[in-house]
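Here's the structure, in structure tokens; my notes come after.
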Amino acid sequence: MPPSSAAAPPPSPSARFPDAAPTVGRDAPRGGAAQAPSRRPGAPAQTPTETTARLRPIPAAPEAETAGGTDVPAPRAAVPPSGPAAPRTPDPALSWSTPHDPRPLISFGEPEGYDGLARPRPLGGRPRPQAVAAAVCLVLGVGLLTGAVTGSWLAGDSGDDGARSAYTEAGDLWHSVPVDQLFPPTLLGKGAGPGGADRTWTRVAVAPDGDCAGAFDRLLAKALDPVGCSRLLRATYTDATQSHVTTVGLLFTKADAAAMTALADRFEKQGLGRREDLMPLPYAAKDTVAAGFGAPQRASWTVSVLTDAPVVVYAVSGWADGRTVDEPEPAEEAIESGAASAPAQAGLGHEAKGLADRVERALRKNIGTPTEHPS
């Protein structure tokens, strides 16, 4: 090939690699002129024994000599490089060694619990199922109770059906219960006599049932008028010696419980049961030991107004021989210890009180109420 078409020669060695080893910090190559490296004034000179190049501190320009003649190098102020090729100053916030490095902020999440289906939920975020159920039951209970009370009020029902039916039943006993259950033929009064002696009474007569016309003195009839008279039942008893006679009466009224309570309070507060002009009248049956038992023979008496039944129970006692009594005494006073009146000494107060209590007990047995007065 012609020389013009030959390949281009390779580049000189200096274009790729240096032609000679660096001479910085080393002696000049053999066979050549030694070239001293340039250095700053005041920099320490290199020793011949050094074989490597190392960095050495370069002191600043010498200052004025001290008084002793010794050069004291002054520290150079660091001048930050400038220009486009100047390295950037490290950001202290990104350095691991900076004393101002803020620690990472750690936040803890809200603790979780689990519901009835094992699902995670924040604690305290929802009420417990037991509390919710209790609140629902409370609301429902209050609502049901309020509805029941409201319905009872609207229906005019007091809610005391048992007491109302017993009260009504007691008012019908005069025609639904046999006379022998209301006035038993024989009554035992254990401890009913003076000093706790036992008593036995025998029924000698039963009056026909009827209204109250002529059955009471005028003042007593007026006092009983607010409760009305539905039916009057009476029976007369005598003691075992047939020395005393006692009439027991059951007045069935037309009043409700409120009216009976008002009448009982009036008798109690005004002492109507102890007034001599309010004594009940006896029932004198012909051809019996009580044939001569009239108003003048009344010696002791008691009147009890019931509040759980529309009934007034009373009893009046006297001597069977027909003797009159000038100073009758209420049974409550005649049975007291130390009473010295003739009715008290004869035990007529015990006769009236004891028989009235036993007849009232027989009445309550038929209406199922256990309450009774002590003998």
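For the structure tokens, the naming scheme is as follows: chains receive sequential letters (A, B, ...) according to their order of presentation, residues are indexed from 1 within each chain, and ligands are indexed from 1 in presentation order.
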
All residues 8 Å or closer to stretch 298-305 of chain A, only C-alpha atoms, same chain fewer than 4 positions away omitted, as a PyMOL selection string: chain A and resi 260+263-264+267+273-274+279-280+282+293-294+311-319+324-325+327-332+334+343+348-349+352-353+356

Since we have the selection now, will you write its residues out, keeping C-alpha atoms, as a PDB file, in the first residue's frame?
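Generated file (selection21.pdb):
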```pdb
ATOM      1  CA  MET A 260    -114.181   2.852 107.071  1.00  0.00           C
ATOM      2  CA  LEU A 263    -114.791   6.249 110.803  1.00  0.00           C
ATOM      3  CA  ALA A 264    -112.215   4.211 112.714  1.00  0.00           C
ATOM      4  CA  PHE A 267    -113.913   6.613 116.979  1.00  0.00           C
ATOM      5  CA  GLY A 273    -116.423   3.778 121.664  1.00  0.00           C
ATOM      6  CA  ARG A 274    -116.285   4.703 125.353  1.00  0.00           C
ATOM      7  CA  MET A 279    -123.753   1.923 123.787  1.00  0.00           C
ATOM      8  CA  PRO A 280    -125.207  -0.705 121.419  1.00  0.00           C
ATOM      9  CA  PRO A 282    -128.790  -5.958 123.242  1.00  0.00           C
ATOM     10  CA  PHE A 293    -131.756  -8.412 128.787  1.00  0.00           C
ATOM     11  CA  GLY A 294    -132.770  -4.867 127.842  1.00  0.00           C
ATOM     12  CA  VAL A 311    -117.820  -4.437 109.075  1.00  0.00           C
ATOM     13  CA  VAL A 312    -118.375  -2.957 112.533  1.00  0.00           C
ATOM     14  CA  VAL A 313    -118.098  -5.531 115.336  1.00  0.00           C
ATOM     15  CA  TYR A 314    -119.663  -4.772 118.720  1.00  0.00           C
ATOM     16  CA  ALA A 315    -120.686  -6.529 121.918  1.00  0.00           C
ATOM     17  CA  VAL A 316    -122.675  -5.564 125.024  1.00  0.00           C
ATOM     18  CA  SER A 317    -122.965  -7.587 128.246  1.00  0.00           C
ATOM     19  CA  GLY A 318    -125.078  -7.638 131.421  1.00  0.00           C
ATOM     20  CA  TRP A 319    -126.422  -9.860 134.161  1.00  0.00           C
ATOM     21  CA  THR A 324    -130.171  -2.842 136.105  1.00  0.00           C
ATOM     22  CA  VAL A 325    -126.861  -1.063 136.016  1.00  0.00           C
ATOM     23  CA  GLU A 327    -122.954   3.082 135.995  1.00  0.00           C
ATOM     24  CA  PRO A 328    -121.984   0.971 132.972  1.00  0.00           C
ATOM     25  CA  GLU A 329    -118.288   0.888 132.091  1.00  0.00           C
ATOM     26  CA  PRO A 330    -116.549   0.406 128.711  1.00  0.00           C
ATOM     27  CA  ALA A 331    -114.895  -2.987 128.343  1.00  0.00           C
ATOM     28  CA  GLU A 332    -111.458  -1.419 127.726  1.00  0.00           C
ATOM     29  CA  ALA A 334    -113.378  -2.718 132.956  1.00  0.00           C
ATOM     30  CA  PRO A 343    -119.115  -4.574 135.908  1.00  0.00           C
ATOM     31  CA  LEU A 348    -118.584  -8.309 132.405  1.00  0.00           C
ATOM     32  CA  GLY A 349    -115.911  -6.293 130.638  1.00  0.00           C
ATOM     33  CA  ALA A 352    -117.936  -8.294 126.085  1.00  0.00           C
ATOM     34  CA  LYS A 353    -114.333  -8.009 124.972  1.00  0.00           C
ATOM     35  CA  ALA A 356    -116.297  -9.667 120.324  1.00  0.00           C
TER      36      ALA A 356
END
```

Could you pull out all residues of stretch 227-273 of chain A with a DSSP call of alpha helix (DSSP H) and give them as number ranges by chain? A: 257-270

Extract the full set of strand (DSSP E or B) residues from stretch 219-344 of chain A according to DSSP on the backbone, and format it as a PyMOL selection string. chain A and resi 231-239+244-252+300-305+311-319+329-330

Which residue of A:Pro310, A:Gly338, A:Pro296, A:Gly193 approaches A:Ser230 most closely, using only C-alpha atoms: A:Pro310

Near stretch 359-366 of chain A, within 7 Å and counting only C-alpha atoms, which residues show up once chain neighbours fewer than 6 positions away are dropped, as a PDB file with C-alpha atoms, in the first residue's frame?
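File part_13.pdb, as written:
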```pdb
ATOM      1  CA  GLN A 181    -119.479 -20.068 111.024  1.00  0.00           C
ATOM      2  CA  LEU A 182    -120.092 -16.431 111.837  1.00  0.00           C
ATOM      3  CA  PHE A 183    -121.635 -17.165 115.266  1.00  0.00           C
ATOM      4  CA  VAL A 313    -118.098  -5.531 115.336  1.00  0.00           C
ATOM      5  CA  GLU A 372    -106.901 -10.496 114.898  1.00  0.00           C
TER       6      GLU A 372
END
```
